[in-house]
Each structure stands twice: as structure tokens, then as C-alpha cells.
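Undergrad: Got a structure for you, data05.txt, holding compact mmCIF, C-alpha atoms and all ligand atoms.
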```txt
# COMPACT_ATOMS: atom_id res chain seq x y z
CA MET R 15 -66.89 130.28 -264.09
CA SER R 16 -66.12 131.29 -260.55
CA ALA R 17 -63.27 129.69 -258.64
CA ALA R 18 -63.72 127.82 -255.38
CA VAL R 19 -62.23 129.81 -252.51
CA ILE R 20 -59.50 127.95 -250.61
CA ASP R 21 -60.21 128.84 -247.00
CA GLY R 22 -56.79 128.93 -245.32
CA LYS R 23 -58.24 130.37 -242.14
CA GLN R 24 -60.52 127.37 -241.69
CA PHE R 25 -57.80 124.88 -242.66
CA ALA R 26 -55.35 126.50 -240.22
CA ALA R 27 -57.93 126.38 -237.40
CA THR R 28 -58.46 122.65 -237.99
CA LEU R 29 -54.70 122.07 -238.08
CA ARG R 30 -54.23 123.99 -234.85
CA ALA R 31 -56.92 121.92 -233.13
CA ARG R 32 -55.11 118.74 -234.25
CA ILE R 33 -51.79 120.16 -233.00
CA ALA R 34 -53.39 120.86 -229.59
CA ASP R 35 -54.54 117.21 -229.38
CA TYR R 36 -51.07 115.91 -230.28
CA ALA R 37 -49.41 118.40 -227.92
CA ALA R 38 -51.48 117.00 -225.03
CA THR R 39 -50.54 113.42 -225.96
CA PHE R 40 -46.90 114.49 -226.25
CA GLU R 41 -46.99 115.99 -222.76
CA GLN R 42 -48.29 112.71 -221.34
CA SER R 43 -45.63 110.64 -223.10
CA ALA R 44 -42.65 112.96 -222.53
CA GLY R 45 -43.58 114.25 -219.08
CA ARG R 46 -43.11 117.82 -220.27
CA LYS R 47 -44.66 120.27 -222.69
CA ALA R 48 -43.23 120.95 -226.11
CA GLY R 49 -41.52 124.37 -226.15
CA LEU R 50 -40.97 127.04 -228.78
CA ALA R 51 -38.57 129.95 -228.23
CA VAL R 52 -38.80 133.17 -230.22
CA VAL R 53 -36.01 135.73 -230.25
CA LEU R 54 -36.78 139.30 -231.26
CA VAL R 55 -34.06 141.91 -231.74
CA GLY R 56 -35.24 145.51 -231.73
CA GLU R 57 -38.74 146.97 -231.74
CA ASP R 58 -39.95 146.75 -235.34
CA PRO R 59 -43.75 147.13 -234.95
CA ALA R 60 -44.66 144.43 -237.52
CA SER R 61 -42.18 141.99 -235.92
CA GLN R 62 -43.59 142.73 -232.48
CA VAL R 63 -47.08 141.88 -233.73
CA TYR R 64 -45.86 138.61 -235.30
CA VAL R 65 -43.96 137.58 -232.17
CA LYS R 66 -46.96 138.33 -229.97
CA SER R 67 -49.33 136.30 -232.13
CA LYS R 68 -46.84 133.41 -232.34
CA GLY R 69 -46.54 133.35 -228.53
CA LYS R 70 -50.31 133.44 -228.07
CA ALA R 71 -50.89 130.66 -230.64
CA THR R 72 -48.17 128.50 -229.03
CA LEU R 73 -49.81 128.75 -225.59
CA GLU R 74 -53.27 128.09 -227.07
CA CYS R 75 -51.98 124.82 -228.50
CA GLY R 76 -50.76 123.69 -225.07
CA MET R 77 -47.07 124.27 -225.71
CA ASN R 78 -44.62 126.42 -223.74
CA SER R 79 -43.68 129.73 -225.30
CA PHE R 80 -40.37 131.41 -224.43
CA GLU R 81 -39.80 134.96 -225.62
CA TYR R 82 -36.46 136.77 -225.62
CA LYS R 83 -36.36 140.45 -226.49
CA LEU R 84 -32.96 141.92 -227.17
CA PRO R 85 -32.26 145.64 -227.72
CA ILE R 86 -31.82 146.96 -231.26
CA ASP R 87 -28.11 147.66 -230.63
CA CYS R 88 -27.47 144.10 -229.37
CA ASP R 89 -24.15 142.83 -230.74
CA GLU R 90 -23.68 139.58 -232.63
CA ALA R 91 -21.87 137.82 -229.75
CA THR R 92 -24.79 138.47 -227.38
CA LEU R 93 -27.33 137.15 -229.89
CA LEU R 94 -25.20 134.06 -230.67
CA ALA R 95 -24.79 133.38 -226.94
CA ARG R 96 -28.57 133.50 -226.53
CA ILE R 97 -29.00 131.02 -229.39
CA GLU R 98 -26.32 128.73 -227.89
CA ALA R 99 -28.17 128.74 -224.56
CA LEU R 100 -31.43 127.82 -226.34
CA ASN R 101 -29.66 125.08 -228.33
CA ALA R 102 -28.57 123.56 -225.00
CA ASP R 103 -31.93 124.01 -223.23
CA GLU R 104 -33.87 120.73 -223.16
CA ALA R 105 -37.16 122.54 -222.56
CA VAL R 106 -36.77 124.27 -225.93
CA ASP R 107 -37.66 122.18 -228.99
CA GLY R 108 -37.85 124.93 -231.57
CA ILE R 109 -35.97 128.22 -231.97
CA LEU R 110 -37.11 131.03 -234.19
CA VAL R 111 -35.20 134.25 -234.68
CA GLN R 112 -37.61 136.87 -235.96
CA LEU R 113 -36.45 138.37 -239.27
CA PRO R 114 -35.53 140.87 -240.53
CA LEU R 115 -32.67 141.55 -238.11
CA PRO R 116 -31.21 145.05 -237.70
CA GLY R 117 -28.68 145.80 -240.46
CA HIS R 118 -25.54 145.32 -238.33
CA LEU R 119 -26.40 141.63 -237.74
CA ASP R 120 -25.74 139.06 -240.46
CA GLU R 121 -28.82 136.87 -240.90
CA GLN R 122 -26.92 133.91 -242.38
CA THR R 123 -24.46 133.83 -239.44
CA VAL R 124 -27.32 133.95 -236.97
CA ILE R 125 -29.37 131.24 -238.71
CA ALA R 126 -26.25 129.05 -238.98
CA ALA R 127 -25.90 129.18 -235.18
CA ILE R 128 -29.28 127.49 -234.60
CA ASN R 129 -29.15 123.72 -234.04
CA PRO R 130 -30.72 122.40 -237.31
CA ASP R 131 -32.88 120.01 -235.26
CA LYS R 132 -34.43 123.03 -233.51
CA ASP R 133 -34.62 125.17 -236.68
CA VAL R 134 -38.41 125.13 -236.96
CA ASP R 135 -38.33 127.91 -239.58
CA GLY R 136 -36.36 125.57 -241.86
CA PHE R 137 -33.93 128.33 -242.88
CA HIS R 138 -30.67 126.59 -241.87
CA VAL R 139 -28.61 125.37 -244.84
CA THR R 140 -28.72 121.87 -243.37
CA ASN R 141 -32.51 121.89 -243.61
CA ALA R 142 -32.43 123.43 -247.10
CA GLY R 143 -30.08 120.57 -248.08
CA ARG R 144 -32.26 117.95 -246.43
CA LEU R 145 -35.25 119.24 -248.39
CA ALA R 146 -33.26 119.18 -251.62
CA VAL R 147 -32.19 115.54 -251.18
CA GLY R 148 -35.45 114.32 -249.63
CA GLN R 149 -34.29 113.70 -246.06
CA PRO R 150 -36.49 114.50 -243.07
CA GLY R 151 -35.80 117.97 -241.74
CA PHE R 152 -37.69 121.20 -241.28
CA VAL R 153 -39.33 122.96 -244.19
CA PRO R 154 -40.11 126.72 -244.19
CA CYS R 155 -43.62 127.24 -242.84
CA THR R 156 -45.22 129.29 -245.61
CA PRO R 157 -44.45 126.95 -248.54
CA LEU R 158 -45.28 123.87 -246.46
CA GLY R 159 -48.63 125.48 -245.67
CA CYS R 160 -49.19 126.09 -249.40
CA VAL R 161 -48.56 122.42 -250.20
CA MET R 162 -50.97 121.36 -247.46
CA LEU R 163 -53.67 123.56 -249.02
CA LEU R 164 -52.90 122.21 -252.51
CA LYS R 165 -53.05 118.57 -251.44
CA ASP R 166 -56.24 119.17 -249.52
CA ARG R 167 -57.80 120.68 -252.62
CA LEU R 168 -56.35 118.48 -255.38
CA GLY R 169 -55.33 115.22 -253.71
CA SER R 170 -52.34 113.92 -255.67
CA LEU R 171 -50.27 116.63 -257.39
CA SER R 172 -48.33 114.08 -259.44
CA GLY R 173 -47.68 115.10 -263.04
CA LEU R 174 -49.24 118.55 -262.72
CA ASP R 175 -47.49 121.57 -264.26
CA ALA R 176 -46.61 124.00 -261.47
CA VAL R 177 -45.23 127.51 -261.86
CA VAL R 178 -43.73 129.23 -258.82
CA ILE R 179 -43.22 132.97 -259.27
CA GLY R 180 -40.42 134.13 -256.97
CA ARG R 181 -37.14 132.48 -255.98
CA SER R 182 -36.55 133.61 -252.41
CA ASN R 183 -34.97 131.20 -249.92
CA ILE R 184 -37.98 131.62 -247.66
CA VAL R 185 -40.80 130.93 -250.12
CA GLY R 186 -40.02 130.41 -253.82
CA LYS R 187 -37.13 127.92 -253.68
CA PRO R 188 -38.52 125.64 -250.95
CA MET R 189 -41.94 125.83 -252.63
CA ALA R 190 -40.42 124.54 -255.87
CA GLN R 191 -38.61 121.74 -254.00
CA LEU R 192 -41.82 120.68 -252.28
CA LEU R 193 -43.75 120.60 -255.54
CA LEU R 194 -40.96 118.58 -257.14
CA ALA R 195 -41.16 116.13 -254.24
CA GLU R 196 -44.89 115.82 -255.05
CA SER R 197 -43.88 114.90 -258.64
CA CYS R 198 -45.05 118.12 -260.28
CA THR R 199 -43.27 119.45 -263.35
CA VAL R 200 -41.93 122.64 -261.82
CA THR R 201 -40.96 125.96 -263.39
CA ILE R 202 -39.51 128.73 -261.24
CA ALA R 203 -40.17 132.18 -262.65
CA HIS R 204 -38.53 135.34 -261.31
CA SER R 205 -37.78 138.98 -262.10
CA ARG R 206 -35.70 138.05 -265.19
CA THR R 207 -38.22 135.60 -266.66
CA LYS R 208 -39.15 136.38 -270.25
CA ASP R 209 -42.86 136.47 -271.04
CA LEU R 210 -44.20 135.60 -267.60
CA ALA R 211 -47.77 135.57 -268.90
CA GLU R 212 -46.93 132.76 -271.31
CA VAL R 213 -45.11 130.76 -268.59
CA VAL R 214 -48.04 131.11 -266.17
CA ALA R 215 -50.54 130.11 -268.87
CA ARG R 216 -49.08 126.54 -268.88
CA ALA R 217 -49.64 125.99 -265.19
CA ASP R 218 -52.15 123.73 -263.50
CA ILE R 219 -50.82 125.20 -260.24
CA VAL R 220 -49.66 128.82 -259.90
CA VAL R 221 -47.90 129.95 -256.73
CA ALA R 222 -47.25 133.69 -256.63
CA ALA R 223 -44.62 134.86 -254.09
CA VAL R 224 -43.37 138.15 -255.46
CA GLY R 225 -44.47 141.07 -253.28
CA ARG R 226 -46.05 143.10 -256.11
CA PRO R 227 -49.69 144.00 -255.69
CA GLU R 228 -52.07 142.29 -258.17
CA MET R 229 -49.27 141.62 -260.66
CA VAL R 230 -50.61 138.29 -261.93
CA LYS R 231 -53.51 138.95 -264.28
CA GLY R 232 -56.58 136.80 -264.82
CA SER R 233 -55.82 136.57 -268.55
CA TRP R 234 -52.56 134.69 -267.71
CA ILE R 235 -54.32 131.91 -265.82
CA LYS R 236 -55.21 128.61 -267.50
CA PRO R 237 -58.94 127.94 -267.01
CA GLY R 238 -59.44 125.65 -264.04
CA ALA R 239 -55.94 126.15 -262.59
CA THR R 240 -55.37 126.29 -258.83
CA VAL R 241 -53.91 129.62 -257.71
CA ILE R 242 -52.01 130.07 -254.44
CA ASP R 243 -51.34 133.72 -253.64
CA VAL R 244 -48.56 134.14 -251.06
CA GLY R 245 -48.20 137.90 -251.51
CA ILE R 246 -49.28 140.30 -248.80
CA ASN R 247 -49.23 143.88 -250.03
CA ARG R 248 -50.86 146.95 -248.57
CA LEU R 249 -52.24 149.40 -251.13
CA PRO R 250 -52.04 153.13 -250.45
CA PRO R 251 -55.19 154.29 -248.63
CA ALA R 252 -58.07 155.28 -250.90
CA GLU R 253 -59.84 158.52 -250.16
CA GLY R 254 -61.58 158.33 -246.78
CA GLU R 255 -59.63 155.22 -245.68
CA SER R 256 -57.11 155.39 -242.83
CA LYS R 257 -55.29 152.25 -244.04
CA GLY R 258 -55.01 150.85 -247.54
CA ARG R 259 -56.48 147.46 -248.45
CA LEU R 260 -54.42 144.26 -248.22
CA VAL R 261 -54.05 142.53 -251.57
CA GLY R 262 -52.05 139.62 -252.88
CA ASP R 263 -49.74 139.27 -255.87
CA VAL R 264 -52.68 138.06 -257.96
CA ASP R 265 -55.51 140.19 -259.30
CA TYR R 266 -58.10 138.26 -257.30
CA ALA R 267 -61.28 139.39 -259.07
CA GLU R 268 -59.85 138.62 -262.51
CA ALA R 269 -58.20 135.32 -261.53
CA ALA R 270 -61.24 134.06 -259.62
CA ALA R 271 -63.26 134.34 -262.83
CA VAL R 272 -60.93 131.88 -264.60
CA ALA R 273 -59.26 129.64 -261.98
CA GLY R 274 -60.66 126.42 -260.55
CA ALA R 275 -59.67 127.41 -257.03
CA ILE R 276 -57.86 130.34 -255.44
CA THR R 277 -56.62 131.52 -252.04
CA PRO R 278 -57.94 134.93 -250.94
CA VAL R 279 -55.77 137.63 -249.34
CA PRO R 280 -56.23 137.91 -246.43
CA GLY R 281 -57.50 134.54 -245.19
CA GLY R 282 -55.62 132.22 -247.57
CA VAL R 283 -51.94 131.41 -247.13
CA GLY R 284 -51.34 133.91 -244.29
CA PRO R 285 -53.09 131.98 -241.47
CA MET R 286 -51.24 128.79 -242.47
CA THR R 287 -47.79 130.14 -241.61
CA ILE R 288 -48.18 130.23 -237.82
CA ALA R 289 -50.15 126.95 -237.81
CA VAL R 290 -47.29 125.22 -239.66
CA LEU R 291 -44.75 126.80 -237.30
CA LEU R 292 -46.58 125.17 -234.38
CA ARG R 293 -46.68 121.93 -236.33
CA ASN R 294 -42.91 122.07 -236.93
CA ALA R 295 -42.28 122.83 -233.24
CA LEU R 296 -44.34 119.82 -232.17
CA VAL R 297 -42.61 117.56 -234.71
CA ALA R 298 -39.27 118.83 -233.31
CA ALA R 299 -40.44 118.02 -229.78
CA HIS R 300 -41.26 114.43 -230.74
CA ARG R 301 -37.89 114.00 -232.44
CA ASN R 302 -35.91 115.65 -229.63
CA ALA R 303 -37.68 113.64 -226.91
CA GLY R 304 -37.61 110.37 -228.88
CA VAL R 305 -41.43 110.11 -228.82
CA ALA R 306 -42.92 108.37 -231.87
CA LEU R 307 -45.22 110.32 -234.18
CA ALA R 308 -46.99 108.49 -236.99
CA ASP R 309 -45.92 109.60 -240.49
CA GLY R 310 -48.28 112.24 -241.83
CA ALA R 311 -49.99 112.63 -238.42
CA LEU R 312 -49.36 116.37 -238.49
P1 LIG R 401 -38.59 138.38 -251.87
O1 LIG R 401 -38.61 139.85 -252.10
O2 LIG R 401 -37.49 137.77 -251.09
O3 LIG R 401 -38.63 137.63 -253.27
C1 LIG R 401 -39.45 138.07 -254.30
C2 LIG R 401 -39.19 137.26 -255.54
O4 LIG R 401 -40.03 137.76 -256.57
C3 LIG R 401 -37.77 137.36 -256.05
O5 LIG R 401 -37.24 136.05 -256.17
C4 LIG R 401 -37.87 138.02 -257.42
O6 LIG R 401 -37.05 137.40 -258.41
C5 LIG R 401 -39.31 137.81 -257.78
N1 LIG R 401 -39.80 138.93 -258.59
C6 LIG R 401 -39.68 140.26 -258.33
N2 LIG R 401 -40.24 140.97 -259.33
C7 LIG R 401 -40.72 140.10 -260.20
C8 LIG R 401 -41.39 140.23 -261.45
N3 LIG R 401 -41.69 141.42 -261.94
N4 LIG R 401 -41.74 139.12 -262.10
C9 LIG R 401 -41.46 137.90 -261.59
N5 LIG R 401 -40.84 137.71 -260.43
C10 LIG R 401 -40.46 138.80 -259.75
O7 LIG R 401 -40.02 138.05 -251.23
P2 LIG R 401 -40.54 136.80 -250.35
O8 LIG R 401 -39.99 136.86 -248.98
O9 LIG R 401 -40.40 135.54 -251.13
O10 LIG R 401 -42.08 137.18 -250.25
C11 LIG R 401 -42.91 137.31 -251.39
C12 LIG R 401 -44.28 137.80 -250.98
O11 LIG R 401 -44.86 136.86 -250.11
C13 LIG R 401 -44.29 139.13 -250.22
O12 LIG R 401 -45.48 139.83 -250.56
C14 LIG R 401 -44.35 138.71 -248.78
O13 LIG R 401 -44.99 139.70 -247.96
C15 LIG R 401 -45.23 137.49 -248.88
N6 LIG R 401 -45.03 136.53 -247.80
C16 LIG R 401 -46.14 136.06 -247.19
C17 LIG R 401 -46.04 135.12 -246.19
C18 LIG R 401 -47.27 134.61 -245.56
O14 LIG R 401 -47.25 134.16 -244.43
N7 LIG R 401 -48.38 134.61 -246.28
C19 LIG R 401 -44.79 134.65 -245.78
C20 LIG R 401 -43.65 135.11 -246.48
C21 LIG R 401 -43.78 136.05 -247.48
```
Here is the file; what I need is its structure written in the form of C-alpha cells.

TA:
Amino acid sequence: MSAAVIDGKQFAATLRARIADYAATFEQSAGRKAGLAVVLVGEDPASQVYVKSKGKATLECGMNSFEYKLPIDCDEATLLARIEALNADEAVDGILVQLPLPGHLDEQTVIAAINPDKDVDGFHVTNAGRLAVGQPGFVPCTPLGCVMLLKDRLGSLSGLDAVVIGRSNIVGKPMAQLLLAESCTVTIAHSRTKDLAEVVARADIVVAAVGRPEMVKGSWIKPGATVIDVGINRLPPAEGESKGRLVGDVDYAEAAAVAGAITPVPGGVGPMTIAVLLRNALVAAHRNAGVALADGAL
């Protein structure tokens, strides 16, 4: 058996086209564009690439993009003042502070300063709480993207056994909450889990968010299961290569021989993250401007 490939790149492109349509309608109704602000502290090369692609994608969808670059030695008061100004700015619907921050800045303090109704990353404790109790809020982009891919592939997830490997605040925990909200029977596995292979073997849905290259083996996967690989790991360069290959947390070749469907790395979950960020920003714009948006429209 060979698994169907879940094409996140294609799904994200379709979602972005829909966002662009809704962004244009929003502009007509609200008399202004939706706006997303990104704050970058320091010059981490990977963060610079992310921020640049977020800005480009925001503009391509017909929204305003505001970028604020602060020096690496920026103190907490300066960063918090910037966030306060963005909280108060009516042209800004969503605020994202690019993580990781330099070590002298406390991420929790900084995230706590963002107005939860502009927290399009969904990292504020208010939004984590809203997700936990089933109130509307903002959900972290990567796990929300994973659920979109799962529902597109499987339709209803109700009653399915789901195993999430990883318990980070950014991926694993919100992923588990989202699957619970879809009425899955959810197990969260992590670095202290005993016999991970046996836990994974029960799952109709496996979500791997660990950060360990090709850790999940094909022999662990229940035949026909749907596998969502969140991991992005770069292998050391092989001989003659300048850069190593990108791989996920799942041994793709092995798992694809057993699973019913699987996301590739790259081209699976990765492209969904920015698309869902734009989606969250546009949802925030509708809420902030009091413009109606049909449930499930985006
Ligand atoms: P993290 O380091 O915060 O969390 C990793 C989790 O894996 C921890 O909860 C830990 O308990 C668990 N873990 C570690 N070793 C384990 C083991 N041997 N067995 C079982 N569980 C183990 O990482 P994160 O931020 O959640 O990211 C996870 C991966 O997803 C990384 O590869 C990251 O690059 C990737 N990621 C991708 C996207 C995307 O857009 N596709 C977004 C976020 C993260």
C-alpha cells in the first residue's frame, strides 16, 4: 500500500486565494484594509526570512503589512511600548512578535502584553484558555493548519483515536485541544512516554511535533492511519551537498508504505502556517471592525 500524499502547498494556496477574496470584501465593508503587524527583535537569519515571507504573503492577500525591526539589545520597556502602540492602533488587527526573542527578553511577559483580540499567533494565555473551554479566540497557526488538512482529508474526525507526539505550547498542546474539540479520543505523548511505538500503533491519526529527524518509524503506524508530520529538521549535508536535506519527524518512506495518507516535508504542514496566520489576521479584522463573517467562511 502507498499512502495518499496530503498536499499542504496546494491547500495553502487555495486558502490564500480565499483569504484574498474575503480581504477585498472586508475592505469594501470596513472602508480600510485589514492590517497585520510583525515585530522582529534582532537579526536572526531564520527569523528575518520568516518575517520577510510573512510580509510578502500579507501584501499578496490584499492586507496591509507593518514591520517593526528593533535592535538585538532593545530593552523590555521599548518592546512593550511598541506593543502598546500597536494595541492602540486601529489600522492594526493582528500583532505577531517573532520568536525566539533574544535571551534577555522574557517571552511570556512580551506575549502577555499583546491585546488577546490582536494575538493572531494564539499564544496569549487568554487565547489558550479560550481554546481549552471552547470559546472563540485565536488558535496557534500550525496546529489549526493541521486540523484543516485532517478535516479536508477525513471529513468528520469524531471518535477517531489521535496521538499527538510533543507537548509544546505552540504545537502539541493546542493540537490536542483542537482534536478533542473535534471529538477525537486524544493521547498526548512526549519525551517521558513509555513505549511510544505501542502508543502510536493505536492511532487513526498521528501528529508528530517533536523536532527529531525521522524518529517515528513505519512499523509503529497502524495500516491506513493518517500521519501529519509537523517536524522540520535539517540533516547534516551528505557528501557533495552544500546543505543537508529537510526531513520531518516521521520516516517518510517507511510510513508512506503503511499509512492511508501522509504529509510530506517540505510541502505538507509548513506552507499552512503562514496561510493560517493570514486567516487569523483577517478574522481579527472582521471582529475588530464589527464586520460579519459567516461561521466557517475562512
Ligand atoms: P519543542 O521542542 O517545543 O517541543 C518538542 C516536544 O517533543 C516536547 O514536548 C517533548 O516532550 C517532545 N519530545 C522530545 N523528545 C521526544 C521523544 N524522544 N519522544 C517523544 N516526544 C519527545 O518543539 P515545537 O516547537 O513543538 O516543534 C516541534 C517540531 O515542529 C520542530 O521540528 C519544529 O521545527 C517544527 N515546527 C514546525 C512548524 C511548521 O510550520 N511546520 C511550526 C512549529 C514547529

Undergrad: Measuring between all atoms listed in the file, which one of R:Ala195, R:Ala26, R:Val106, R:Cys88 shows the shortest distance to ligand LIG 401 (chain R)?

TA: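 Looking at the shortest contact to ligand LIG 401 (chain R), the residue is R:Ala26.
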
Undergrad: Throw together the list of residues within 9 Å of ligand LIG 401 (chain R), counting all atoms listed in the file, and drop it here as a ChimeraX atom specification.

TA: /R:155-157,159,179-187,203-208,210,222-227,229-230,243-247,262-263,279-280,282-288

Undergrad: Kindly assemble as CSV a list of the range 198-308 of chain R residues that lie within 10 Å of range 74-86 of chain R, each paired with its nearest atom pair and their distance in Å to one decimal, using all atoms listed in the file, sorted first by chain and then by ascending residue number.

TA:
```
residue,atom,partner,partner_atom,distance
R:Ala289,CA,R:Cys75,CA,9.7
R:Leu292,CA,R:Cys75,CA,8.0
R:Arg293,CA,R:Cys75,CA,9.9
R:Ala295,CA,R:Met77,CA,9.0
R:Leu296,CA,R:Met77,CA,8.3
R:Ala299,CA,R:Met77,CA,10.0
```

Undergrad: If you measure from CA of Ala267 in chain R to CA of Pro250 in chain R, what distance in Å do you get, rounded to one decimal?

TA: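 Distance reported for this atom pair: 18.7 Å.
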
Undergrad: Which residues are close to Asp131 in chain R, i.e. within 8 Å by only C-alpha atoms, leaving aside same-chain residues fewer than 6 positions away? Reply as a count of residues only.

TA: 5

Undergrad: Just the number, please: distance in Å from CA of Pro278 in chain R to CA of Val134 in chain R, one decimal.

TA: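 Those two atoms sit 25.9 Å apart.
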
Undergrad: Wanna dump the range 96-154 of chain R-range 60-66 of chain R contacts at 10 Å for me, each residue with its shortest atom pair and the distance in Å to one decimal, counting all atoms listed in the file, ordered by chain and number, as a Markdown table?

TA:
```
| residue | atom | partner | partner_atom | distance |
| --- | --- | --- | --- | --- |
| R:Leu110 | CA | R:Val65 | CA | 9.7 |
| R:Val111 | CA | R:Val65 | CA | 9.7 |
| R:Gln112 | CA | R:Ser61 | CA | 6.9 |
| R:Leu113 | CA | R:Ser61 | CA | 7.6 |
| R:Pro114 | CA | R:Ser61 | CA | 8.2 |
| R:Leu115 | CA | R:Ser61 | CA | 9.8 |
```

Undergrad: Compare R:Glu212, R:Glu255, R:Glu90, R:Glu104 by their minimum atom-to-atom distance to Lys47 in chain R, counting all atoms listed in the file, and give me the closest one.

TA: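 Of R:Glu212, R:Glu255, R:Glu90, R:Glu104, the one nearest Lys47 in chain R, counting all atoms listed in the file, is R:Glu104.
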
Undergrad: Give me, as a CSV table (one decimal) with C-alpha atoms, in the coordinates of the input, all polymer residues having an atom no more than 8 Å from Ala18 in chain R, counting all atoms listed in the file and skipping those fewer than 5 positions away in the same chain.

TA:
```csv
chain,number,residue,atom,x,y,z
R,270,ALA,CA,-61.2,134.1,-259.6
R,274,GLY,CA,-60.7,126.4,-260.6
R,275,ALA,CA,-59.7,127.4,-257.0
R,276,ILE,CA,-57.9,130.3,-255.4
```

Undergrad: Quick one: of R:Asp135, R:Tyr36, R:Leu249, R:Ala273, who's nearest to Ala306 in chain R, counting all atoms listed in the file?

TA: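 Among R:Asp135, R:Tyr36, R:Leu249, R:Ala273, it is R:Tyr36 that comes nearest to Ala306 in chain R.
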
Undergrad: Go through R:Leu145, R:Leu168, R:Val297, R:Ile20 one by one, measure the shortest atom-to-atom distance of each to Ala37 in chain R using all atoms listed in the file, and give the residue with the smallest value.

TA: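 The answer is R:Val297, which sits nearest to Ala37 in chain R.
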
Undergrad: Smallest atom-to-atom distance to Gly69 in chain R: which of R:Leu291, R:Ala27, R:Gly143, R:Glu228, using only C-alpha atoms?

TA: R:Leu291

Undergrad: For range 290-308 of chain R, which lacks atoms in the input, supply N, CA, C and O atoms and format the output as a compact mmCIF listing (two decimals), in the coordinates of the input.

TA:
```txt
# COMPACT_ATOMS: atom_id res chain seq x y z
N VAL R 290 -48.35 126.16 -239.27
CA VAL R 290 -47.29 125.22 -239.66
C VAL R 290 -46.07 125.39 -238.74
O VAL R 290 -45.40 124.40 -238.43
N LEU R 291 -45.82 126.60 -238.27
CA LEU R 291 -44.75 126.80 -237.30
C LEU R 291 -44.99 125.95 -236.05
O LEU R 291 -44.09 125.27 -235.54
N LEU R 292 -46.24 125.97 -235.57
CA LEU R 292 -46.58 125.17 -234.38
C LEU R 292 -46.43 123.68 -234.70
O LEU R 292 -45.95 122.91 -233.89
N ARG R 293 -46.82 123.32 -235.89
CA ARG R 293 -46.68 121.93 -236.33
C ARG R 293 -45.20 121.52 -236.32
O ARG R 293 -44.83 120.48 -235.80
N ASN R 294 -44.35 122.38 -236.89
CA ASN R 294 -42.91 122.07 -236.93
C ASN R 294 -42.35 121.96 -235.51
O ASN R 294 -41.52 121.10 -235.23
N ALA R 295 -42.79 122.86 -234.62
CA ALA R 295 -42.28 122.83 -233.24
C ALA R 295 -42.68 121.52 -232.56
O ALA R 295 -41.87 120.92 -231.83
N LEU R 296 -43.90 121.06 -232.81
CA LEU R 296 -44.34 119.82 -232.17
C LEU R 296 -43.64 118.59 -232.78
O LEU R 296 -43.31 117.65 -232.06
N VAL R 297 -43.39 118.64 -234.07
CA VAL R 297 -42.61 117.56 -234.71
C VAL R 297 -41.20 117.55 -234.09
O VAL R 297 -40.67 116.49 -233.74
N ALA R 298 -40.61 118.74 -233.92
CA ALA R 298 -39.27 118.83 -233.31
C ALA R 298 -39.29 118.23 -231.92
O ALA R 298 -38.38 117.50 -231.52
N ALA R 299 -40.34 118.54 -231.16
CA ALA R 299 -40.44 118.02 -229.78
C ALA R 299 -40.43 116.50 -229.78
O ALA R 299 -39.73 115.87 -228.98
N HIS R 300 -41.22 115.90 -230.67
CA HIS R 300 -41.26 114.43 -230.74
C HIS R 300 -39.88 113.87 -231.06
O HIS R 300 -39.43 112.92 -230.44
N ARG R 301 -39.22 114.49 -232.05
CA ARG R 301 -37.89 114.00 -232.44
C ARG R 301 -36.89 114.17 -231.30
O ARG R 301 -36.13 113.26 -230.97
N ASN R 302 -36.90 115.37 -230.68
CA ASN R 302 -35.91 115.65 -229.63
C ASN R 302 -36.12 114.76 -228.41
O ASN R 302 -35.15 114.38 -227.75
N ALA R 303 -37.39 114.44 -228.11
CA ALA R 303 -37.68 113.64 -226.91
C ALA R 303 -37.71 112.15 -227.22
O ALA R 303 -37.94 111.34 -226.33
N GLY R 304 -37.56 111.79 -228.51
CA GLY R 304 -37.61 110.37 -228.88
C GLY R 304 -39.01 109.78 -228.73
O GLY R 304 -39.17 108.58 -228.46
N VAL R 305 -40.05 110.60 -228.89
CA VAL R 305 -41.43 110.11 -228.82
C VAL R 305 -41.93 109.88 -230.24
O VAL R 305 -41.79 110.77 -231.10
N ALA R 306 -42.50 108.72 -230.51
CA ALA R 306 -42.92 108.37 -231.87
C ALA R 306 -44.10 109.24 -232.31
O ALA R 306 -44.96 109.61 -231.51
N LEU R 307 -44.10 109.58 -233.58
CA LEU R 307 -45.22 110.32 -234.18
C LEU R 307 -45.48 109.66 -235.53
O LEU R 307 -44.56 109.59 -236.36
N ALA R 308 -46.70 109.21 -235.74
CA ALA R 308 -46.99 108.49 -236.99
C ALA R 308 -46.73 109.41 -238.19
O ALA R 308 -47.01 110.62 -238.13
```
